[in-house]
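Novice: Provided herewith is a single structure, encoded as structure tokens, for subsequent inquiry.
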Amino acid sequence: MRTKRWLVTDPTTVQGMKDLHEAAKLIKAGELVAFPTETVYGLGANALDGQAVAKIFTAKGRPQDNPLIVHVANVEQLKDLVKDVPDYVYKLIAEFSPGPVTYILPAAEQIPQEVTAGLATVGIRIPDHSVAHRFLNQVAFPVAAPSANTSGKPSPTSANHVYEDLSGKISGIIDGGKVGVGLESTVIDCTGSIPVILRPGVVTAGMLANCLQEDIADFISSEGESTPRAPGMKYRHYAPEMSLVLVGNGPARVQAVIDEANEAGKRVTLFARKALLEKVSDIDTICLSDDLADIARNLYDYLRMFTSTERDLLLFEEMPKEGIGIALMNRLEKAAVTENE
Ligand code: TXA
Ligand code: MG
């Protein structure tokens, strides 16, 4: 299959509209089209067409038990896809949508089970991206879309990442440039009396609590539960081609890890902020920004930067688990090699 690419920098120009029209035609015909959002690129199919949605799992090599997020242009469209929406959801939507938040709600009958992976709930998101917004309006139906990467690999934050993973396997890629946030949306279970975060993102528990003016449960890890509530969180994710090890606990400890890798003859790169880089030696380095939002935005570029023919090991400095650092460390810990692996 030939994968078409459209560069849409401005969806309001004649060329932009023409390209989105062409992309919409393909997805309407039951094909897969990748598109940019503010978080990461999504791999879209008509959410109301089970056969089209099934193609997503094949193209990505995605486990069948991992449900998909449905993308809509506005809250009216959202209402058609869910039932029993608690009042607090509308408060959250007013504050955070369009934006990097996914609301898990009881699914309406019309949602095919290819989308929900057989669950009674569905995740809905209104992305905050001009190209995604135009595209969703153009197609008019809701669009099911996981991140547009091969399952297990880092999510795509540029059209080139999508192309690397899925060229020849999907019909088209709308190239809207590099994304803004760089980490996937905050997934919030909204089926209970209070919202519960299943996957952390740039919108944090503190921001939800602030919006609702009440204490809410903090991020609840699904790890270790027999049936994790966000099924996707149980798989190894975001993994670069080579081993990734998180390093912290001061420069002496980091230097010891470097020395050990050097002695073993490993080709290593350390990703760290300037303060740490100044205190270690004998190592190839990439300097990270002091702004955690910048690191988040570039994280998947870093994890895709080297191939296994170039490096044996990546070391990455541990980040403080506050604000977006919570989501950043969640992704890094899933990408990293742990002792029991
Ligand atoms: O930012 C994002 O959320 C991106 C863009 C494209 O919107 N999408 C994304 O989708 O990251 P995906 O499929 O890579 O991750 C969706 C996560 C998975 O962990 C999945 O298990 C969880 O959301 N999820 C989806 N539907 C769910 C449901 N009904 N109940 C619980 N978890 C659900
Ligand atoms: Mg994903």
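Each chain in the structure tokens gets a letter, A, B, ..., in the order shown, and its residues are numbered from 1; ligands are numbered from 1 in order too.
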12 Å from ligand 2 is the threshold here; counting only C-alpha atoms and all ligand atoms, which polymer residues fall inside it? Answer as a PyMOL selection string.

Specialist: chain A and resi 39-43+56-57+60-63+66-69+145-157+183-185+187+199+230-239+300+331+334

Novice: What are the closest atom pairs, with distances in Å to one decimal, for each residue of region 193-265 of chain A lying within 9 Å of region 84-95 of chain A, using only C-alpha atoms, rows by chain and rising residue number, as a Markdown table?

Specialist:
| residue | atom | partner | partner_atom | distance |
| --- | --- | --- | --- | --- |
| A:Ser193 | CA | A:Pro86 | CA | 7.5 |
| A:Ile194 | CA | A:Tyr88 | CA | 8.0 |
| A:Pro195 | CA | A:Tyr88 | CA | 8.2 |
| A:Leu208 | CA | A:Leu92 | CA | 7.3 |
| A:Cys211 | CA | A:Leu92 | CA | 7.0 |
| A:Leu212 | CA | A:Tyr88 | CA | 7.1 |

Novice: Save the residues we just selected, C-alpha atoms, as an mmCIF file, in the first residue's frame?

Specialist:
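The resulting file, selection04.cif, is reproduced below:
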data_model
loop_
_atom_site.group_PDB
_atom_site.id
_atom_site.type_symbol
_atom_site.label_atom_id
_atom_site.label_comp_id
_atom_site.auth_asym_id
_atom_site.auth_seq_id
_atom_site.Cartn_x
_atom_site.Cartn_y
_atom_site.Cartn_z
ATOM 1 C CA SER A 193 -18.501 9.735 41.846
ATOM 2 C CA ILE A 194 -15.029 11.285 41.574
ATOM 3 C CA PRO A 195 -12.626 11.377 38.623
ATOM 4 C CA LEU A 208 -8.460 18.639 38.349
ATOM 5 C CA CYS A 211 -11.096 22.964 38.867
ATOM 6 C CA LEU A 212 -13.600 20.953 40.919
#

Novice: Which is closer to ligand 1 than all the others in A:Glu31, A:Asp49, A:Gly99, A:Asp19, using only C-alpha atoms and all ligand atoms?

Specialist: A:Gly99

Novice: List as a PDB file with N, CA, C and O atoms, in the first residue's frame the protein and nucleic acid residues near Ala120 (chain A), meaning an atom at most 10 Å away when only C-alpha atoms are counted, but skip any in the same chain fewer than 3 places from it.

Specialist:
ATOM      1  N   LEU A 105     -16.084   7.081  29.919  1.00  0.00           N
ATOM      2  CA  LEU A 105     -17.508   7.142  30.301  1.00  0.00           C
ATOM      3  C   LEU A 105     -18.223   5.886  29.807  1.00  0.00           C
ATOM      4  O   LEU A 105     -17.718   5.199  28.906  1.00  0.00           O
ATOM      5  N   PRO A 106     -19.399   5.582  30.356  1.00  0.00           N
ATOM      6  CA  PRO A 106     -20.156   4.434  29.845  1.00  0.00           C
ATOM      7  C   PRO A 106     -20.457   4.634  28.356  1.00  0.00           C
ATOM      8  O   PRO A 106     -20.899   5.713  27.948  1.00  0.00           O
ATOM      9  N   ALA A 107     -20.208   3.614  27.561  1.00  0.00           N
ATOM     10  CA  ALA A 107     -20.341   3.731  26.101  1.00  0.00           C
ATOM     11  C   ALA A 107     -21.796   3.591  25.656  1.00  0.00           C
ATOM     12  O   ALA A 107     -22.532   2.752  26.184  1.00  0.00           O
ATOM     13  N   ALA A 108     -22.196   4.410  24.670  1.00  0.00           N
ATOM     14  CA  ALA A 108     -23.512   4.257  24.047  1.00  0.00           C
ATOM     15  C   ALA A 108     -23.506   2.993  23.178  1.00  0.00           C
ATOM     16  O   ALA A 108     -22.437   2.523  22.769  1.00  0.00           O
ATOM     17  N   GLU A 109     -24.711   2.484  22.890  1.00  0.00           N
ATOM     18  CA  GLU A 109     -24.843   1.224  22.138  1.00  0.00           C
ATOM     19  C   GLU A 109     -24.107   1.251  20.799  1.00  0.00           C
ATOM     20  O   GLU A 109     -23.567   0.246  20.352  1.00  0.00           O
ATOM     21  N   ILE A 111     -21.375   2.276  19.743  1.00  0.00           N
ATOM     22  CA  ILE A 111     -19.913   2.132  19.630  1.00  0.00           C
ATOM     23  C   ILE A 111     -19.538   0.671  19.418  1.00  0.00           C
ATOM     24  O   ILE A 111     -19.858  -0.174  20.251  1.00  0.00           O
ATOM     25  N   GLN A 113     -17.545  -2.883  19.297  1.00  0.00           N
ATOM     26  CA  GLN A 113     -16.670  -3.452  20.329  1.00  0.00           C
ATOM     27  C   GLN A 113     -15.202  -3.472  19.919  1.00  0.00           C
ATOM     28  O   GLN A 113     -14.328  -3.639  20.766  1.00  0.00           O
ATOM     29  N   THR A 116     -13.991  -0.493  21.949  1.00  0.00           N
ATOM     30  CA  THR A 116     -13.959  -0.611  23.416  1.00  0.00           C
ATOM     31  C   THR A 116     -13.211  -1.856  23.888  1.00  0.00           C
ATOM     32  O   THR A 116     -13.009  -2.022  25.089  1.00  0.00           O
ATOM     33  N   ALA A 117     -12.814  -2.707  22.963  1.00  0.00           N
ATOM     34  CA  ALA A 117     -12.203  -3.999  23.299  1.00  0.00           C
ATOM     35  C   ALA A 117     -13.110  -4.788  24.246  1.00  0.00           C
ATOM     36  O   ALA A 117     -12.634  -5.455  25.158  1.00  0.00           O
TER      37      ALA A 117
END

Novice: Going by DSSP on the backbone, which bits of region 118-219 of chain A are strand (DSSP E or B)? Write them as a PyMOL selection string, please.

Specialist: chain A and resi 121-125+143-144+147+172-175+186-189+196-199

Novice: With a distance cut-off of 8 Å and only C-alpha atoms, select the neighbouring residues of Gly172 (chain A), excluding the residue or stretch itself and same-chain residues fewer than 3 positions from it, and output the selection as a PyMOL selection string.

Specialist: chain A and resi 3-6+23+26+32-34

Novice: As an exercise, work out the distance from atom 27 (C, counted along the ligand's line) of ligand 1 to CA of Tyr103 (chain A) in Å and give it to one decimal place.

Specialist: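 Going from atom 27 (C, counted along the ligand's line) of ligand 1 over to CA of Tyr103 (chain A), I get 8.7 Å.
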
Novice: With distances taken over only C-alpha atoms and all ligand atoms, which of A:Glu114, A:Asp189, A:Arg2, A:Gly177 is nearest to ligand 1?

Specialist: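 The answer is A:Asp189, which sits nearest to ligand 1.
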
Novice: Excluding Gly30 (chain A) and residues on its chain fewer than 4 positions from it, collect all residues at most 7 Å away from it, counting only C-alpha atoms, and give them as a list in words.

Specialist: Leu26, Ala45, Asn46 and Ala52 of chain A

Novice: Output C-alpha atoms for every residue in the selection just made, as a PDB file, in the first residue's frame.

Specialist:
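Saved to part.pdb:
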ATOM      1  CA  LEU A  26      -9.872   8.049   2.430  1.00  0.00           C
ATOM      2  CA  ALA A  45     -10.364   5.241  11.531  1.00  0.00           C
ATOM      3  CA  ASN A  46     -14.146   5.789  11.463  1.00  0.00           C
ATOM      4  CA  ALA A  52     -12.217   0.015   9.647  1.00  0.00           C
TER       5      ALA A  52
END

Novice: Which of these, A:Gly192, A:Gly201, A:Pro11, A:Gly16, has the shortest distance to ligand 1 once you count only C-alpha atoms and all ligand atoms?

Specialist: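 Of A:Gly192, A:Gly201, A:Pro11, A:Gly16, the one nearest ligand 1, counting only C-alpha atoms and all ligand atoms, is A:Gly201.
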
Novice: Here is a test: counting only C-alpha atoms and all ligand atoms, which residue of A:Gln64, A:Gln15, A:Gln213, A:Thr58 is nearest to ligand 1?

Specialist: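 So, comparing all the options, the nearest one is A:Gln64.
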